[in-house]
$ cat data-v1.tsv   # TSV, N, CA and C atoms
chain	number	residue	atom	x	y	z
R	1	MET	N	54.80	39.53	-23.44
R	1	MET	CA	55.04	39.54	-24.86
R	1	MET	C	54.58	38.23	-25.47
R	2	GLN	N	54.04	38.36	-26.67
R	2	GLN	CA	53.58	37.16	-27.36
R	2	GLN	C	54.56	36.88	-28.48
R	3	THR	N	54.96	35.65	-28.64
R	3	THR	CA	55.91	35.30	-29.69
R	3	THR	C	55.22	34.50	-30.76
R	4	SER	N	55.63	34.71	-31.98
R	4	SER	CA	55.11	33.96	-33.10
R	4	SER	C	56.02	32.76	-33.33
R	5	VAL	N	55.47	31.60	-33.52
R	5	VAL	CA	56.27	30.39	-33.66
R	5	VAL	C	57.01	30.37	-34.99
R	6	SER	N	56.39	30.88	-36.04
R	6	SER	CA	57.00	30.78	-37.36
R	6	SER	C	58.19	31.74	-37.52
R	7	THR	N	58.14	32.94	-36.95
R	7	THR	CA	59.21	33.90	-37.15
R	7	THR	C	60.07	34.11	-35.92
R	8	ILE	N	59.67	33.62	-34.80
R	8	ILE	CA	60.38	33.78	-33.53
R	8	ILE	C	60.73	35.26	-33.32
R	9	ARG	N	59.76	36.09	-33.52
R	9	ARG	CA	59.94	37.51	-33.34
R	9	ARG	C	58.86	38.00	-32.39
R	10	ALA	N	59.24	38.82	-31.47
R	10	ALA	CA	58.30	39.30	-30.47
R	10	ALA	C	57.38	40.34	-31.07
R	11	THR	N	56.10	40.20	-30.78
R	11	THR	CA	55.12	41.19	-31.21
R	11	THR	C	54.40	41.70	-29.96
R	12	PRO	N	54.16	42.98	-29.91
R	12	PRO	CA	53.51	43.53	-28.72
R	12	PRO	C	52.04	43.09	-28.65
R	13	LEU	N	51.57	42.89	-27.42
R	13	LEU	CA	50.17	42.56	-27.22
R	13	LEU	C	49.34	43.82	-27.30
R	14	VAL	N	48.19	43.72	-27.91
R	14	VAL	CA	47.28	44.85	-28.01
R	14	VAL	C	46.19	44.65	-26.97
R	15	ALA	N	46.02	45.65	-26.13
R	15	ALA	CA	45.01	45.54	-25.08
R	15	ALA	C	43.64	45.78	-25.69
R	16	LYS	N	42.74	44.85	-25.43
R	16	LYS	CA	41.37	44.99	-25.92
R	16	LYS	C	40.46	45.14	-24.73
R	17	THR	N	39.42	45.91	-24.92
R	17	THR	CA	38.45	46.03	-23.84
R	17	THR	C	37.58	44.78	-23.85
R	18	ALA	N	37.24	44.32	-22.70
R	18	ALA	CA	36.44	43.11	-22.58
R	18	ALA	C	35.00	43.40	-22.96
R	19	ALA	N	34.51	42.67	-23.91
R	19	ALA	CA	33.13	42.82	-24.32
R	19	ALA	C	32.25	42.07	-23.31
R	20	PRO	N	31.11	42.62	-23.00
R	20	PRO	CA	30.24	41.93	-22.04
R	20	PRO	C	29.80	40.58	-22.62
R	21	ARG	N	29.95	39.56	-21.79
R	21	ARG	CA	29.58	38.22	-22.24
R	21	ARG	C	28.13	37.94	-21.86
R	22	THR	N	27.49	37.24	-22.74
R	22	THR	CA	26.15	36.78	-22.41
R	22	THR	C	26.25	35.29	-22.15
R	23	GLN	N	25.78	34.88	-21.01
R	23	GLN	CA	25.84	33.47	-20.68
R	23	GLN	C	24.62	32.76	-21.23
R	24	ALA	N	24.88	31.57	-21.72
R	24	ALA	CA	23.77	30.77	-22.20
R	24	ALA	C	22.96	30.30	-21.00
R	25	ARG	N	21.67	30.36	-21.12
R	25	ARG	CA	20.82	29.93	-20.01
R	25	ARG	C	20.77	28.41	-19.99
R	26	ARG	N	21.01	27.87	-18.85
R	26	ARG	CA	20.93	26.42	-18.69
R	26	ARG	C	19.64	26.10	-17.96
R	27	THR	N	18.97	25.12	-18.48
R	27	THR	CA	17.76	24.68	-17.79
R	27	THR	C	18.06	23.33	-17.16
R	28	HIS	N	17.64	23.17	-15.95
R	28	HIS	CA	17.87	21.92	-15.23
R	28	HIS	C	16.56	21.16	-15.18
R	29	GLN	N	16.67	19.86	-15.42
R	29	GLN	CA	15.50	19.00	-15.33
R	29	GLN	C	15.33	18.56	-13.88
R	30	VAL	N	14.22	18.85	-13.30
R	30	VAL	CA	13.95	18.49	-11.92
R	30	VAL	C	12.90	17.39	-11.91
R	31	VAL	N	13.22	16.30	-11.25
R	31	VAL	CA	12.27	15.21	-11.13
R	31	VAL	C	11.94	15.06	-9.66
R	32	ARG	N	10.68	15.14	-9.34
R	32	ARG	CA	10.25	15.02	-7.95
R	32	ARG	C	9.17	13.96	-7.85
R	33	ALA	N	9.28	13.16	-6.81
R	33	ALA	CA	8.21	12.22	-6.49
R	33	ALA	C	7.40	12.86	-5.37
R	34	GLU	N	6.26	13.42	-5.71
R	34	GLU	CA	5.49	14.19	-4.75
R	34	GLU	C	4.96	13.33	-3.60
R	35	TYR	N	4.43	12.18	-3.90
R	35	TYR	CA	3.89	11.31	-2.87
R	35	TYR	C	4.06	9.86	-3.32
R	36	LEU	N	3.69	8.95	-2.46
R	36	LEU	CA	3.96	7.54	-2.70
R	36	LEU	C	3.26	7.00	-3.94
R	37	GLY	N	2.09	7.51	-4.26
R	37	GLY	CA	1.35	7.02	-5.41
R	37	GLY	C	1.54	7.83	-6.67
R	38	SER	N	2.58	8.69	-6.71
R	38	SER	CA	2.79	9.52	-7.90
R	38	SER	C	3.22	8.66	-9.08
R	39	ALA	N	3.06	9.18	-10.26
R	39	ALA	CA	3.42	8.45	-11.47
R	39	ALA	C	4.92	8.14	-11.49
R	40	THR	N	5.73	9.08	-11.04
R	40	THR	CA	7.18	8.87	-11.00
R	40	THR	C	7.53	7.72	-10.07
R	41	ASN	N	6.91	7.70	-8.91
R	41	ASN	CA	7.19	6.65	-7.94
R	41	ASN	C	6.70	5.30	-8.44
R	42	GLN	N	5.55	5.24	-9.07
R	42	GLN	CA	5.04	3.98	-9.60
R	42	GLN	C	5.94	3.43	-10.70
R	43	ILE	N	6.46	4.30	-11.54
R	43	ILE	CA	7.37	3.87	-12.60
R	43	ILE	C	8.64	3.27	-11.99
R	44	MET	N	9.19	3.93	-10.97
R	44	MET	CA	10.41	3.43	-10.35
R	44	MET	C	10.17	2.11	-9.62
R	45	ILE	N	9.04	1.97	-8.95
R	45	ILE	CA	8.75	0.72	-8.25
R	45	ILE	C	8.61	-0.43	-9.24
R	46	LEU	N	7.84	-0.23	-10.30
R	46	LEU	CA	7.63	-1.30	-11.26
R	46	LEU	C	8.90	-1.65	-12.05
R	47	SER	N	9.66	-0.62	-12.43
R	47	SER	CA	10.86	-0.90	-13.21
R	47	SER	C	11.95	-1.57	-12.38
R	48	THR	N	11.92	-1.39	-11.07
R	48	THR	CA	12.87	-2.08	-10.20
R	48	THR	C	12.37	-3.48	-9.84
R	49	ALA	N	11.07	-3.62	-9.64
R	49	ALA	CA	10.51	-4.91	-9.23
R	49	ALA	C	10.55	-5.94	-10.36
R	50	LEU	N	10.33	-5.51	-11.59
R	50	LEU	CA	10.26	-6.48	-12.69
R	50	LEU	C	11.57	-7.26	-12.91
R	51	PRO	N	12.74	-6.62	-12.95
R	51	PRO	CA	13.97	-7.43	-13.07
R	51	PRO	C	14.21	-8.33	-11.86
R	52	LEU	N	13.84	-7.87	-10.65
R	52	LEU	CA	14.01	-8.70	-9.47
R	52	LEU	C	13.12	-9.93	-9.52
R	53	VAL	N	11.89	-9.76	-9.96
R	53	VAL	CA	10.97	-10.90	-10.09
R	53	VAL	C	11.46	-11.84	-11.18
R	54	ALA	N	11.94	-11.30	-12.28
R	54	ALA	CA	12.45	-12.14	-13.37
R	54	ALA	C	13.66	-12.95	-12.91
R	55	GLY	N	14.53	-12.37	-12.13
R	55	GLY	CA	15.68	-13.10	-11.61
R	55	GLY	C	15.28	-14.14	-10.58
R	56	ARG	N	14.29	-13.81	-9.75
R	56	ARG	CA	13.85	-14.72	-8.69
R	56	ARG	C	13.18	-15.97	-9.26
R	57	PHE	N	12.40	-15.81	-10.31
R	57	PHE	CA	11.67	-16.94	-10.88
R	57	PHE	C	12.37	-17.58	-12.06
R	58	GLY	N	13.64	-17.24	-12.27
R	58	GLY	CA	14.45	-17.93	-13.28
R	58	GLY	C	14.25	-17.47	-14.70
R	59	LEU	N	13.73	-16.27	-14.91
R	59	LEU	CA	13.54	-15.75	-16.26
R	59	LEU	C	14.68	-14.85	-16.71
R	60	ALA	N	15.58	-14.51	-15.80
R	60	ALA	CA	16.72	-13.65	-16.11
R	60	ALA	C	17.99	-14.33	-15.64
R	61	PRO	N	19.12	-14.07	-16.29
R	61	PRO	CA	20.39	-14.67	-15.84
R	61	PRO	C	20.78	-14.15	-14.45
R	62	THR	N	21.32	-15.04	-13.65
R	62	THR	CA	21.81	-14.69	-12.32
R	62	THR	C	23.21	-15.26	-12.16
R	63	ALA	N	23.76	-15.16	-10.95
R	63	ALA	CA	25.11	-15.68	-10.71
R	63	ALA	C	25.15	-17.20	-10.85
R	64	ASN	N	24.05	-17.88	-10.52
R	64	ASN	CA	24.02	-19.33	-10.59
R	64	ASN	C	23.37	-19.87	-11.86
R	65	LYS	N	22.83	-19.00	-12.69
R	65	LYS	CA	22.23	-19.41	-13.96
R	65	LYS	C	22.79	-18.54	-15.07
R	66	ASN	N	23.65	-19.10	-15.87
R	66	ASN	CA	24.26	-18.35	-16.97
R	66	ASN	C	23.43	-18.51	-18.23
R	67	ALA	N	23.47	-17.51	-19.08
R	67	ALA	CA	22.77	-17.55	-20.36
R	67	ALA	C	23.75	-17.96	-21.44
R	68	SER	N	23.32	-18.90	-22.31
R	68	SER	CA	24.15	-19.32	-23.43
R	68	SER	C	23.92	-18.40	-24.61
R	69	ALA	N	24.55	-18.71	-25.73
R	69	ALA	CA	24.40	-17.89	-26.93
R	69	ALA	C	22.96	-17.93	-27.43
R	70	GLY	N	22.27	-19.03	-27.21
R	70	GLY	CA	20.87	-19.14	-27.62
R	70	GLY	C	19.91	-18.65	-26.55
R	71	LEU	N	20.41	-17.94	-25.54
R	71	LEU	CA	19.65	-17.40	-24.43
R	71	LEU	C	18.97	-18.47	-23.59
R	72	LYS	N	19.56	-19.65	-23.53
R	72	LYS	CA	19.08	-20.71	-22.65
R	72	LYS	C	19.81	-20.58	-21.32
R	73	LEU	N	19.09	-20.68	-20.22
R	73	LEU	CA	19.70	-20.57	-18.90
R	73	LEU	C	20.18	-21.95	-18.45
R	74	SER	N	21.44	-22.02	-18.05
R	74	SER	CA	22.00	-23.29	-17.58
R	74	SER	C	22.50	-23.10	-16.16
R	75	GLN	N	22.27	-24.12	-15.34
R	75	GLN	CA	22.65	-24.08	-13.93
R	75	GLN	C	24.15	-24.30	-13.78
R	76	ARG	N	24.79	-23.53	-12.92
R	76	ARG	CA	26.20	-23.73	-12.60
R	76	ARG	C	26.44	-23.20	-11.21
R	77	SER	N	27.48	-23.69	-10.58
R	77	SER	CA	27.81	-23.24	-9.24
R	77	SER	C	28.78	-22.07	-9.33
R	78	SER	N	28.39	-20.94	-8.75
R	78	SER	CA	29.25	-19.75	-8.79
R	78	SER	C	30.08	-19.63	-7.52
R	79	GLY	N	29.77	-20.45	-6.52
R	79	GLY	CA	30.48	-20.35	-5.26
R	79	GLY	C	29.82	-19.40	-4.29
R	80	LEU	N	28.79	-18.67	-4.73
R	80	LEU	CA	28.05	-17.76	-3.86
R	80	LEU	C	26.96	-18.55	-3.15
R	81	VAL	N	26.88	-18.40	-1.84
R	81	VAL	CA	25.93	-19.16	-1.04
R	81	VAL	C	24.69	-18.32	-0.80
R	82	SER	N	23.53	-18.96	-0.91
R	82	SER	CA	22.26	-18.27	-0.68
R	82	SER	C	21.30	-19.23	-0.01
R	83	ASN	N	20.46	-18.71	0.88
R	83	ASN	CA	19.42	-19.51	1.50
R	83	ASN	C	18.11	-19.41	0.73
R	84	ASP	N	18.11	-18.68	-0.38
R	84	ASP	CA	16.93	-18.54	-1.20
R	84	ASP	C	16.69	-19.85	-1.95
R	85	PRO	N	15.45	-20.36	-1.99
R	85	PRO	CA	15.19	-21.61	-2.70
R	85	PRO	C	15.53	-21.55	-4.19
R	86	ALA	N	15.42	-20.37	-4.79
R	86	ALA	CA	15.74	-20.24	-6.21
R	86	ALA	C	17.22	-19.96	-6.43
R	87	GLY	N	17.98	-19.71	-5.37
R	87	GLY	CA	19.41	-19.46	-5.49
R	87	GLY	C	19.78	-18.02	-5.80
R	88	LEU	N	18.88	-17.09	-5.57
R	88	LEU	CA	19.16	-15.68	-5.81
R	88	LEU	C	20.12	-15.18	-4.73
R	89	THR	N	21.24	-14.62	-5.13
R	89	THR	CA	22.27	-14.18	-4.18
R	89	THR	C	22.18	-12.66	-3.99
R	90	ALA	N	22.95	-12.16	-3.03
R	90	ALA	CA	22.98	-10.72	-2.76
R	90	ALA	C	23.52	-9.96	-3.97
R	91	ALA	N	24.48	-10.54	-4.66
R	91	ALA	CA	25.02	-9.89	-5.86
R	91	ALA	C	23.95	-9.79	-6.95
R	92	ASP	N	23.10	-10.81	-7.04
R	92	ASP	CA	22.01	-10.78	-8.02
R	92	ASP	C	21.02	-9.67	-7.68
R	93	VAL	N	20.69	-9.54	-6.41
R	93	VAL	CA	19.73	-8.51	-5.99
R	93	VAL	C	20.28	-7.12	-6.29
R	94	LEU	N	21.55	-6.90	-5.99
R	94	LEU	CA	22.16	-5.59	-6.28
R	94	LEU	C	22.22	-5.32	-7.78
R	95	ALA	N	22.61	-6.31	-8.56
R	95	ALA	CA	22.73	-6.11	-10.00
R	95	ALA	C	21.37	-5.90	-10.65
R	96	LEU	N	20.40	-6.73	-10.31
R	96	LEU	CA	19.08	-6.59	-10.91
R	96	LEU	C	18.38	-5.32	-10.42
R	97	GLY	N	18.60	-4.93	-9.17
R	97	GLY	CA	18.03	-3.68	-8.67
R	97	GLY	C	18.63	-2.46	-9.36
R	98	ALA	N	19.93	-2.48	-9.58
R	98	ALA	CA	20.58	-1.37	-10.30
R	98	ALA	C	20.11	-1.30	-11.74
R	99	PHE	N	19.94	-2.46	-12.35
R	99	PHE	CA	19.44	-2.51	-13.73
R	99	PHE	C	18.03	-1.93	-13.80
R	100	GLY	N	17.18	-2.31	-12.84
R	100	GLY	CA	15.83	-1.78	-12.79
R	100	GLY	C	15.79	-0.29	-12.57
R	101	HIS	N	16.68	0.22	-11.70
R	101	HIS	CA	16.74	1.66	-11.47
R	101	HIS	C	17.18	2.41	-12.74
R	102	ALA	N	18.13	1.85	-13.46
R	102	ALA	CA	18.57	2.50	-14.70
R	102	ALA	C	17.43	2.57	-15.71
R	103	ILE	N	16.66	1.51	-15.80
R	103	ILE	CA	15.51	1.51	-16.71
R	103	ILE	C	14.49	2.56	-16.25
R	104	GLY	N	14.21	2.61	-14.95
R	104	GLY	CA	13.23	3.56	-14.42
R	104	GLY	C	13.64	5.00	-14.62
R	105	VAL	N	14.90	5.30	-14.38
R	105	VAL	CA	15.38	6.68	-14.57
R	105	VAL	C	15.27	7.07	-16.04
R	106	GLY	N	15.58	6.15	-16.93
R	106	GLY	CA	15.44	6.43	-18.37
R	106	GLY	C	14.00	6.71	-18.76
R	107	ILE	N	13.07	5.93	-18.21
R	107	ILE	CA	11.66	6.13	-18.52
R	107	ILE	C	11.18	7.48	-17.97
R	108	VAL	N	11.51	7.76	-16.71
R	108	VAL	CA	11.05	9.01	-16.09
R	108	VAL	C	11.63	10.22	-16.82
R	109	LEU	N	12.92	10.22	-17.09
R	109	LEU	CA	13.52	11.38	-17.77
R	109	LEU	C	13.04	11.51	-19.21
R	110	GLY	N	12.80	10.38	-19.86
R	110	GLY	CA	12.26	10.43	-21.22
R	110	GLY	C	10.86	11.02	-21.25
R	111	LEU	N	10.02	10.58	-20.32
R	111	LEU	CA	8.66	11.12	-20.26
R	111	LEU	C	8.64	12.59	-19.83
R	112	LYS	N	9.56	12.96	-18.92
R	112	LYS	CA	9.67	14.38	-18.53
R	112	LYS	C	10.15	15.22	-19.71
R	113	GLY	N	11.06	14.65	-20.50
R	113	GLY	CA	11.60	15.39	-21.63
R	113	GLY	C	10.57	15.70	-22.71
R	114	ILE	N	9.65	14.76	-22.92
R	114	ILE	CA	8.63	15.01	-23.94
R	114	ILE	C	7.36	15.65	-23.37
R	115	GLY	N	7.37	15.87	-22.05
R	115	GLY	CA	6.27	16.57	-21.41
R	115	GLY	C	5.07	15.70	-21.08
R	116	SER	N	5.23	14.41	-21.04
R	116	SER	CA	4.11	13.52	-20.73
R	116	SER	C	3.99	13.19	-19.26
R	117	LEU	N	4.91	13.62	-18.48
R	117	LEU	CA	4.88	13.28	-17.05
R	117	LEU	C	4.96	14.54	-16.21
$ encode --input "data-v1.tsv" --output "structure tokens"
Amino acid sequence: MQTSVSTIRATPLVAKTAAPRTQARRTHQVVRAEYLGSATNQIMILSTALPLVAGRFGLAPTANKNASAGLKLSQRSSGLVSNDPAGLTAADVLALGAFGHAIGVGIVLGLKGIGSL
């Protein structure tokens, strides 16, 4: 039984026949890197390598180089130890690599979406 909130009186349920539902067609975007030199693979390699190179050569903020409000990099000790001459730590490699992958995925899906790739 279904009750109405305003009158608190029971009303009988009316059985309805189920109308056939039409499901909306979903299209899935498939991204494949066919071979090592494919356009998708080249985009991912370059978009991941560029932030890593920028961090390695001091053009991007890292754990040991903070950026000020004027985007000037200043040296500070973060407590993370590295044998890299530029001071790039494992956390920097993971962060810059993830950032590069996010950029690459955006580029690949954007180009796939407009049909250019």
$ atom_distance --input "data-v1.tsv" --atom1 "atom CA of R:Gly97" --atom2 "atom C of R:Thr40"
15.6 Å
$ atom_distance --input "data-v1.tsv" --atom1 "atom N of R:Val30" --atom2 "atom N of R:Leu96"
26.5 Å
$ closest_residue --input "data-v1.tsv" --among "R:Leu73, R:Ala95, R:Leu109, R:Leu88" --to "R:Pro51" --atoms "only N, CA and C atoms"
R:Ala95
$ axis_aligned_box --input "data-v1.tsv" --around "stretch 35-54 of chain R" --padding-each-side "8 Å" --output "lines of an AutoDock Vina configuration file"
center_x = 7.8
center_y = -0.4
center_z = -7.9
size_x = 28.9
size_y = 41.1
size_z = 26.9
$ closest_residue --input "data-v1.tsv" --among "R:Leu59, R:Ala69, R:Leu52, R:Ala86" --to "R:Phe99" --atoms "only N, CA and C atoms"
R:Leu52
$ closest_residue --input "data-v1.tsv" --among "R:Phe57, R:Ile114, R:Arg26, R:Ala63" --to "R:Ala91" --atoms "only N, CA and C atoms"
R:Ala63
$ closest_residue --input "data-v1.tsv" --among "R:Gly70, R:Gly37, R:Gly106, R:Pro85" --to "R:Arg56" --atoms "only N, CA and C atoms"
R:Pro85
$ atom_distance --input "data-v1.tsv" --atom1 "atom CA of R:Thr27" --atom2 "atom C of R:Met44"
25.2 Å
$ closest_residue --input "data-v1.tsv" --among "R:Ser38, R:Asp92, R:Gly113, R:Val53" --to "R:Asn66" --atoms "only C-alpha atoms"
R:Asp92
$ build_atoms --input "data-v1.tsv" --residues "stretch 66-77 of chain R" --atoms "all heavy atoms" --output "compact mmCIF listing (two decimals), in the coordinates of the input"
# COMPACT_ATOMS: atom_id res chain seq x y z
N ASN R 66 23.65 -19.10 -15.87
CA ASN R 66 24.26 -18.35 -16.97
C ASN R 66 23.43 -18.51 -18.23
O ASN R 66 22.79 -19.52 -18.45
CB ASN R 66 25.68 -18.85 -17.23
CG ASN R 66 26.63 -18.42 -16.16
OD1 ASN R 66 26.30 -17.59 -15.33
ND2 ASN R 66 27.81 -19.00 -16.16
N ALA R 67 23.47 -17.51 -19.08
CA ALA R 67 22.77 -17.55 -20.36
C ALA R 67 23.75 -17.96 -21.44
O ALA R 67 24.87 -17.46 -21.52
CB ALA R 67 22.17 -16.20 -20.68
N SER R 68 23.32 -18.90 -22.31
CA SER R 68 24.15 -19.32 -23.43
C SER R 68 23.92 -18.40 -24.61
O SER R 68 23.16 -17.43 -24.53
CB SER R 68 23.82 -20.77 -23.79
OG SER R 68 22.49 -20.85 -24.27
N ALA R 69 24.55 -18.71 -25.73
CA ALA R 69 24.40 -17.89 -26.93
C ALA R 69 22.96 -17.93 -27.43
O ALA R 69 22.46 -16.96 -28.00
CB ALA R 69 25.35 -18.36 -28.02
N GLY R 70 22.27 -19.03 -27.21
CA GLY R 70 20.87 -19.14 -27.62
C GLY R 70 19.91 -18.65 -26.55
O GLY R 70 18.72 -18.92 -26.61
N LEU R 71 20.41 -17.94 -25.54
CA LEU R 71 19.65 -17.40 -24.43
C LEU R 71 18.97 -18.47 -23.59
O LEU R 71 17.91 -18.26 -23.03
CB LEU R 71 18.64 -16.36 -24.89
CG LEU R 71 19.22 -15.11 -25.56
CD1 LEU R 71 18.12 -14.17 -25.96
CD2 LEU R 71 20.20 -14.42 -24.63
N LYS R 72 19.56 -19.65 -23.53
CA LYS R 72 19.08 -20.71 -22.65
C LYS R 72 19.81 -20.58 -21.32
O LYS R 72 21.03 -20.39 -21.29
CB LYS R 72 19.35 -22.09 -23.25
CG LYS R 72 18.70 -22.31 -24.59
CD LYS R 72 17.22 -22.48 -24.43
CE LYS R 72 16.61 -22.78 -25.78
NZ LYS R 72 15.19 -22.74 -25.76
N LEU R 73 19.09 -20.68 -20.22
CA LEU R 73 19.70 -20.57 -18.90
C LEU R 73 20.18 -21.95 -18.45
O LEU R 73 19.44 -22.92 -18.49
CB LEU R 73 18.70 -20.02 -17.88
CG LEU R 73 18.21 -18.60 -18.14
CD1 LEU R 73 17.18 -18.20 -17.11
CD2 LEU R 73 19.36 -17.63 -18.11
N SER R 74 21.44 -22.02 -18.05
CA SER R 74 22.00 -23.29 -17.58
C SER R 74 22.50 -23.10 -16.16
O SER R 74 23.06 -22.07 -15.81
CB SER R 74 23.15 -23.73 -18.50
OG SER R 74 24.18 -22.77 -18.49
N GLN R 75 22.27 -24.12 -15.34
CA GLN R 75 22.65 -24.08 -13.93
C GLN R 75 24.15 -24.30 -13.78
O GLN R 75 24.73 -25.15 -14.45
CB GLN R 75 21.89 -25.18 -13.18
CG GLN R 75 21.94 -25.08 -11.70
CD GLN R 75 21.01 -24.00 -11.16
OE1 GLN R 75 20.20 -23.46 -11.87
NE2 GLN R 75 21.16 -23.70 -9.89
N ARG R 76 24.79 -23.53 -12.92
CA ARG R 76 26.20 -23.73 -12.60
C ARG R 76 26.44 -23.20 -11.21
O ARG R 76 25.71 -22.35 -10.71
CB ARG R 76 27.13 -23.07 -13.60
CG ARG R 76 27.32 -21.59 -13.40
CD ARG R 76 28.46 -21.06 -14.25
NE ARG R 76 28.64 -19.65 -13.98
CZ ARG R 76 29.59 -19.17 -13.18
NH1 ARG R 76 30.44 -19.96 -12.61
NH2 ARG R 76 29.69 -17.88 -12.98
N SER R 77 27.48 -23.69 -10.58
CA SER R 77 27.81 -23.24 -9.24
C SER R 77 28.78 -22.07 -9.33
O SER R 77 29.86 -22.19 -9.89
CB SER R 77 28.43 -24.38 -8.44
OG SER R 77 28.81 -23.92 -7.17
